[in-house]
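A.B. asks: Here's a structure for you.
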2 protein chains.
Amino acid sequence: MPDRHTLEETERAMKDHVGALPLDFAAANALSNLFRAANAVRTELTNRVLRQHDMTWTGFVVLWVVWIWDGMETRHVADSADISKATLTGVVKTLEGRGLILREGDEHDRRLVRLRLTDEGVRLMEEIYPEFNAVESEIVSQLSDRKISAFTRTLRDVVNSVEAQQDARNEASAEA
Amino acid sequence: MPDRHTLEETERAMKDHVGALPLDFAAANALSNLFRAANAVRTELTNRVLRQHDMTWTGFVVLWVVWIWDGMETRHVADSADISKATLTGVVKTLEGRGLILREGDEHDRRLVRLRLTDEGVRLMEEIYPEFNAVESEIVSQLSDRKISAFTRTLRDVVNSVEAQQDARNEASAEA
DNA sequence: GCGAGATCGTTCGGATCCGTACGATAACCA
DNA sequence: TGGTTATCGTACGGATCCGAACGATCTCGC
C-alpha cells in the first residue's frame with residue numbers, strides 16, 4: 001500500500017520480511033490497487049460533490065438507493081448500500097433529522113420499516129446526482145469504452161469469486 | 001448499488017428519476033462495481049483471516065506498513081495506509097495497547113514520531129500475512145495472469161486520473 | 001539571533017461502522 | 001391453538017474515520 005516506494009522496493013522489502021515463503025505478489029498488488037482506487041474515487045467524489053451539500057458518502061449512497069427504490073425495506077437498503085443493518089439505523093437517524101428521509105411502517109408485517117424520501121430529499125438528489133455522475137464520468141474519461149467494459153467485467157468477476165467462496169463455506173457449515 | 005435488481009432495472013429506474021438529463025451509465029456502473037468489489041474483498045479478508053486474530057482491517061494495514069518499512073514517520077504511514085493522520089493516532093493507540101507497535105521520537109526533529117513493531121508485532125505479522133496473501137491469491141485465482149495485469153493497470157489509471165485532477169485544481173487555486 | 005510562517009503529531013467533536021444481544025412480530029407445525 | 005423457530009429493526013459498546021483547531025517544533029529570511 002505504500003505510496004512513497006516503487007513496487008520493486010516494496011517487493012524486495014516484503015521478501016526480506018517474509019523470507020522463503022512463496023507469495024502471490026500479483027494478487028497482492030492487484031488488490032492493493034483495488035483499495036487504493038476505491039479510496040481515491042470515494043475521496044474525490046466526497047470532496048468535489050458531496051462536501052458542498054454537507055453530505056457524507058454513506059448518507060448519499062443510502063439516499064440514492066431510496067431515491068431509486070422508493071419504499072424499500074431497511075434490510076434491503078442496507079444490502080444495496082453495502083452497510084450493515086446496524087449502521088443503516090444510525091445513518092437513517094441522521095438523514096431523518098435533516099428532513100431528507102422518512103421511516104414508514106408496513107401495515108401487513110409490523111416488523112418491517114420502509115424508507116421514503118421527503119420532497120426535500122428528492123429535490124436534493126435531483127440536484128446532487130447529476131453533479132455526482134458528471135465527476136464519475138470525468139474520472140473514467142481517459143479510458144476507452146472497451147477498457148471500461150473489461151474493467152467492469154473483471155470487478156464483477158472478483159465480486160462473484162468472493163461470493164462463491166462464501167457460499168461454499170456456508171454449504172460446508174450447513175452439512176455439519 | 002442495488003443487489004437485488006438487474007442493471008437494466010436500475011437504469012430504467014434511474015432514467016425515471018433523473019429525467020431527460022444525459023447520464024454516463026457506463027461510468028456509474030464501473031465505479032459502483034469498484035466499490036462493491038473493494039467492500040467484498042475487504043469483508044472476505046477480514047472474516048477469513050483477520051477476525052481469528054482479533055485484528056481490524058485498518059489495524060492490519062497499519063501493522064503491515066510498519067512491518068515492511070520499519071521506523072517510518074507517522075504521516076507517511078498514514079499516507080501508505082490511506083487513512084488520515086488523525087485516524088492513525090487512534091489506531092496506533094489501540095495497537096500500542098496490545099503491545100504490537102512502538103512510538104519512538106526522532107532525535108534530530110522532535111516533531112516527528114517513528115513507528116516500529118515490537119517482537120510480538122513481528123511474530124504476529126509473520127503468522128498473519130502468509131494467510132492473508134493466500135486468500136488474496138485465491139480471490140483472483142480464476143483470473144488469468146493477463147487479466148490480472150490489465151486489471152491492475154486500469155486500477156492504477158483510475159488512481160492517476162483522480163490525482164491528476166487534484167493536482168490541476170491545486171495549481172488553479174495556487175494561481176488565485 | 002529572531003520573529004513569521006510552515007510542518008509535525010495530537011486532540012476534539014461528530015458521524016460512521018460493525019457484531020452482538022434484544023424485544024417485537026410473524027411463520028411454522030404438532 | 002399453543003409453542004417453537006425464524007426474521008425484523010434497533011440499542012449498545014467499542015473501534016474507526018475525518019476535518020478543524022491546537023501546541024510544539026523547525027525553517028527561513030532579515
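Chain labels follow the order of the C-alpha cells: the first chain is A, the next B, and so on; residue numbering restarts at 1 in every chain, and ligands are counted from 1 in their shown order.
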As a PyMOL selection string, please: all residues of chain B that backbone DSSP puts in alpha helix (DSSP H).
C.D. replies: chain B and resi 7-18+25-45+57-68+74-81+85-97+119-139+145-175
A.B. asks: Identify all chain D residues at most 8 Å from chain B by counting only C-alpha atoms (C1' of nucleotides); ligands do not count. Present them as a PyMOL selection string.
C.D. replies: chain D and resi 16-18+24-26
A.B. asks: Go ahead and save the residues from that selection, with N, CA and C atoms (P, O5', C5', C4', C3', O3' and C1' of nucleotides), as a PDB file, in the first residue's frame.
C.D. replies:
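The new file result_17.pdb reads:
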ATOM      1  P    DT D  16      -9.167   0.159  15.549  1.00  0.00           P
ATOM      2  O5'  DT D  16      -9.284   1.619  15.205  1.00  0.00           O
ATOM      3  C5'  DT D  16      -9.842   2.458  14.403  1.00  0.00           C
ATOM      4  C4'  DT D  16     -10.803   2.061  13.310  1.00  0.00           C
ATOM      5  C3'  DT D  16     -10.619   2.866  12.039  1.00  0.00           C
ATOM      6  O3'  DT D  16     -11.196   2.182  10.936  1.00  0.00           O
ATOM      7  C1'  DT D  16     -12.545   3.596  13.182  1.00  0.00           C
ATOM      8  P    DC D  17     -10.677   2.701   9.439  1.00  0.00           P
ATOM      9  O5'  DC D  17     -11.002   4.264   9.355  1.00  0.00           O
ATOM     10  C5'  DC D  17     -12.158   4.716   8.657  1.00  0.00           C
ATOM     11  C4'  DC D  17     -12.394   6.190   8.902  1.00  0.00           C
ATOM     12  C3'  DC D  17     -11.200   7.122   8.734  1.00  0.00           C
ATOM     13  O3'  DC D  17     -11.114   7.556   7.396  1.00  0.00           O
ATOM     14  C1'  DC D  17     -12.758   7.822  10.440  1.00  0.00           C
ATOM     15  P    DC D  18      -9.915   8.548   6.989  1.00  0.00           P
ATOM     16  O5'  DC D  18     -10.513  10.010   7.182  1.00  0.00           O
ATOM     17  C5'  DC D  18     -11.791  10.323   6.635  1.00  0.00           C
ATOM     18  C4'  DC D  18     -12.262  11.618   7.220  1.00  0.00           C
ATOM     19  C3'  DC D  18     -11.225  12.737   7.108  1.00  0.00           C
ATOM     20  O3'  DC D  18     -11.743  13.778   6.316  1.00  0.00           O
ATOM     21  C1'  DC D  18     -12.157  12.638   9.306  1.00  0.00           C
ATOM     22  P    DA D  24       2.991  23.903  24.175  1.00  0.00           P
ATOM     23  O5'  DA D  24       3.945  23.167  23.122  1.00  0.00           O
ATOM     24  C5'  DA D  24       3.888  21.758  23.038  1.00  0.00           C
ATOM     25  C4'  DA D  24       4.828  21.286  21.947  1.00  0.00           C
ATOM     26  C3'  DA D  24       6.230  21.907  22.001  1.00  0.00           C
ATOM     27  O3'  DA D  24       7.193  20.877  21.891  1.00  0.00           O
ATOM     28  C1'  DA D  24       5.282  22.202  19.848  1.00  0.00           C
ATOM     29  P    DT D  25       8.727  21.190  22.107  1.00  0.00           P
ATOM     30  O5'  DT D  25       9.234  21.324  20.601  1.00  0.00           O
ATOM     31  C5'  DT D  25       9.032  20.255  19.700  1.00  0.00           C
ATOM     32  C4'  DT D  25       9.315  20.696  18.296  1.00  0.00           C
ATOM     33  C3'  DT D  25      10.699  21.315  18.068  1.00  0.00           C
ATOM     34  O3'  DT D  25      11.461  20.415  17.291  1.00  0.00           O
ATOM     35  C1'  DT D  25       8.985  22.449  16.887  1.00  0.00           C
ATOM     36  P    DC D  26      13.005  20.720  17.067  1.00  0.00           P
ATOM     37  O5'  DC D  26      12.991  21.341  15.597  1.00  0.00           O
ATOM     38  C5'  DC D  26      12.564  20.533  14.508  1.00  0.00           C
ATOM     39  C4'  DC D  26      12.287  21.411  13.297  1.00  0.00           C
ATOM     40  C3'  DC D  26      13.514  22.114  12.702  1.00  0.00           C
ATOM     41  O3'  DC D  26      13.646  21.737  11.357  1.00  0.00           O
ATOM     42  C1'  DC D  26      11.673  23.592  12.917  1.00  0.00           C
TER      43       DC D  26
END
A.B. asks: At a cut-off of 8 Å, can you tabulate as CSV every residue of chain B near chain A together with its closest atom pair and the distance in Å to one decimal, using only C-alpha atoms and ordering rows by chain then number?
C.D. replies:
residue,atom,partner,partner_atom,distance
B:Met1,CA,A:Ser80,CA,5.4
B:Pro2,CA,A:Ser80,CA,4.1
B:Asp3,CA,A:Ser80,CA,5.3
B:Arg4,CA,A:Ser80,CA,7.5
B:Thr10,CA,A:Ile68,CA,7.6
B:Ala13,CA,A:Ile68,CA,5.9
B:Met14,CA,A:Ile68,CA,6.2
B:His17,CA,A:Ile68,CA,7.0
B:Val18,CA,A:Glu126,CA,6.5
B:Leu21,CA,A:Pro130,CA,7.7
B:Leu23,CA,A:Asn133,CA,6.7
B:Asp24,CA,A:Ser137,CA,6.0
B:Ala26,CA,A:Ile148,CA,7.4
B:Ala27,CA,A:Ser137,CA,5.2
B:Ala28,CA,A:Glu136,CA,6.4
B:Asn29,CA,A:Thr152,CA,7.4
B:Ala30,CA,A:Thr152,CA,4.9
B:Leu31,CA,A:Glu136,CA,7.4
B:Asn33,CA,A:Leu155,CA,6.0
B:Leu34,CA,A:Leu155,CA,6.2
B:Phe35,CA,A:Ala38,CA,5.9
B:Arg36,CA,A:Val159,CA,7.1
B:Ala37,CA,A:Val159,CA,5.1
B:Ala38,CA,A:Phe35,CA,5.9
B:Asn39,CA,A:Asp82,CA,7.5
B:Ala40,CA,A:Val159,CA,6.3
B:Val41,CA,A:Val162,CA,6.8
B:Glu44,CA,A:Val162,CA,6.9
B:Val65,CA,A:Pro2,CA,7.1
B:Trp67,CA,A:His17,CA,7.8
B:Ile68,CA,A:Ala13,CA,5.9
B:Trp69,CA,A:Ala13,CA,7.7
B:His76,CA,A:Arg4,CA,7.9
B:Val77,CA,A:Pro2,CA,7.9
B:Asp79,CA,A:Asp3,CA,6.9
B:Ser80,CA,A:Pro2,CA,4.1
B:Ala81,CA,A:Met1,CA,6.2
B:Asp82,CA,A:Arg36,CA,7.3
B:Glu126,CA,A:Val18,CA,6.5
B:Pro130,CA,A:Leu23,CA,7.2
B:Asn133,CA,A:Ala28,CA,6.6
B:Ala134,CA,A:Asp24,CA,7.4
B:Glu136,CA,A:Ala27,CA,5.9
B:Ser137,CA,A:Ala27,CA,5.2
B:Ile139,CA,A:Ser161,CA,6.1
B:Val140,CA,A:Ala27,CA,6.4
B:Gln142,CA,A:Ser161,CA,7.7
B:Lys147,CA,A:Thr154,CA,7.8
B:Ile148,CA,A:Ala30,CA,6.8
B:Ser149,CA,A:Ala30,CA,7.7
B:Phe151,CA,A:Phe151,CA,6.3
B:Thr152,CA,A:Ala30,CA,4.9
B:Thr154,CA,A:Phe151,CA,7.0
B:Leu155,CA,A:Ala37,CA,5.9
B:Arg156,CA,A:Asn33,CA,6.5
B:Val158,CA,A:Ala37,CA,6.3
B:Val159,CA,A:Ala37,CA,5.1
B:Ser161,CA,A:Ile139,CA,6.1
B:Val162,CA,A:Ile139,CA,6.2
B:Glu163,CA,A:Ala40,CA,7.9
A.B. asks: Within 8 Å of chain A, which residues of chain C show up? Give each one with its shortest atom-to-atom distance in Å (one decimal) and the two atoms involved, counting only C-alpha atoms (C1' of nucleotides), rows by chain then rising residue number, as a Markdown table.
C.D. replies:
| residue | atom | partner | partner_atom | distance |
| --- | --- | --- | --- | --- |
| C:DT16 | C1' | A:Thr87 | CA | 7.2 |
| C:DC17 | C1' | A:Thr87 | CA | 5.9 |
| C:DC18 | C1' | A:Ser84 | CA | 6.9 |
| C:DA24 | C1' | A:Arg111 | CA | 7.2 |
| C:DT25 | C1' | A:Arg111 | CA | 5.7 |
| C:DA26 | C1' | A:Asp109 | CA | 7.4 |
A.B. asks: Export N, CA and C atoms (P, O5', C5', C4', C3', O3' and C1' of nucleotides) of the chosen residues as a PDB file, in the first residue's frame?
C.D. replies:
ATOM      1  P    DT C  16     -23.471   9.880   8.887  1.00  0.00           P
ATOM      2  O5'  DT C  16     -23.450   8.448   9.378  1.00  0.00           O
ATOM      3  C5'  DT C  16     -22.710   7.469   9.739  1.00  0.00           C
ATOM      4  C4'  DT C  16     -21.345   7.257   9.120  1.00  0.00           C
ATOM      5  C3'  DT C  16     -21.157   5.859   8.599  1.00  0.00           C
ATOM      6  O3'  DT C  16     -20.057   5.841   7.675  1.00  0.00           O
ATOM      7  C1'  DT C  16     -19.968   6.130  10.602  1.00  0.00           C
ATOM      8  P    DC C  17     -19.985   4.507   6.686  1.00  0.00           P
ATOM      9  O5'  DC C  17     -19.872   3.224   7.640  1.00  0.00           O
ATOM     10  C5'  DC C  17     -18.596   2.625   7.872  1.00  0.00           C
ATOM     11  C4'  DC C  17     -18.675   1.581   8.986  1.00  0.00           C
ATOM     12  C3'  DC C  17     -19.819   0.571   8.879  1.00  0.00           C
ATOM     13  O3'  DC C  17     -19.371  -0.585   8.199  1.00  0.00           O
ATOM     14  C1'  DC C  17     -19.258   1.181  11.145  1.00  0.00           C
ATOM     15  P    DC C  18     -20.418  -1.780   7.955  1.00  0.00           P
ATOM     16  O5'  DC C  18     -20.153  -2.744   9.187  1.00  0.00           O
ATOM     17  C5'  DC C  18     -18.805  -3.072   9.546  1.00  0.00           C
ATOM     18  C4'  DC C  18     -18.815  -3.752  10.890  1.00  0.00           C
ATOM     19  C3'  DC C  18     -19.849  -4.871  10.994  1.00  0.00           C
ATOM     20  O3'  DC C  18     -19.197  -6.088  11.277  1.00  0.00           O
ATOM     21  C1'  DC C  18     -19.964  -3.403  12.877  1.00  0.00           C
ATOM     22  P    DA C  24     -41.242  -6.068  23.773  1.00  0.00           P
ATOM     23  O5'  DA C  24     -41.531  -6.209  22.212  1.00  0.00           O
ATOM     24  C5'  DA C  24     -41.320  -5.093  21.370  1.00  0.00           C
ATOM     25  C4'  DA C  24     -41.690  -5.451  19.950  1.00  0.00           C
ATOM     26  C3'  DA C  24     -43.062  -6.127  19.804  1.00  0.00           C
ATOM     27  O3'  DA C  24     -43.767  -5.511  18.727  1.00  0.00           O
ATOM     28  C1'  DA C  24     -41.376  -7.464  18.800  1.00  0.00           C
ATOM     29  P    DT C  25     -45.295  -5.879  18.516  1.00  0.00           P
ATOM     30  O5'  DT C  25     -45.202  -6.891  17.291  1.00  0.00           O
ATOM     31  C5'  DT C  25     -44.570  -6.466  16.097  1.00  0.00           C
ATOM     32  C4'  DT C  25     -44.278  -7.658  15.238  1.00  0.00           C
ATOM     33  C3'  DT C  25     -45.495  -8.508  14.858  1.00  0.00           C
ATOM     34  O3'  DT C  25     -45.737  -8.314  13.470  1.00  0.00           O
ATOM     35  C1'  DT C  25     -43.591  -9.831  15.365  1.00  0.00           C
ATOM     36  P    DA C  26     -47.035  -8.965  12.786  1.00  0.00           P
ATOM     37  O5'  DA C  26     -46.431 -10.277  12.118  1.00  0.00           O
ATOM     38  C5'  DA C  26     -45.368 -10.137  11.188  1.00  0.00           C
ATOM     39  C4'  DA C  26     -44.802 -11.493  10.846  1.00  0.00           C
ATOM     40  C3'  DA C  26     -45.819 -12.501  10.303  1.00  0.00           C
ATOM     41  O3'  DA C  26     -45.333 -12.984   9.072  1.00  0.00           O
ATOM     42  C1'  DA C  26     -44.519 -13.463  12.036  1.00  0.00           C
TER      43       DA C  26
END
A.B. asks: Could you tell me which of A:Thr89, A:Asn47, A:Asn170, A:Gln52 comes closest to DA11 (chain D) if we count only C-alpha atoms (C1' of nucleotides)?
C.D. replies: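 Among the listed residues, the smallest separation from DA11 (chain D) belongs to A:Thr89.
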A.B. asks: List as a VMD selection string the protein and nucleic acid residues near DA27 (chain C), meaning an atom at most 10 Å away when only C-alpha atoms (C1' of nucleotides) are counted, but skip any in the same chain fewer than 6 places from it.
C.D. replies: chain D and resid 5 to 7
A.B. asks: Run DSSP on the backbone and grab whatever in region 13-138 of chain A lands in strand (DSSP E or B); send it over as a VMD selection string.
C.D. replies: chain A and resid 73 101 to 105 113 to 117
A.B. asks: If I take CA of Ile128 (chain B) and CA of Val66 (chain B), how far is one from the other in Å, to one decimal?
C.D. replies: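 Here the two named atoms are 14.3 Å from each other.
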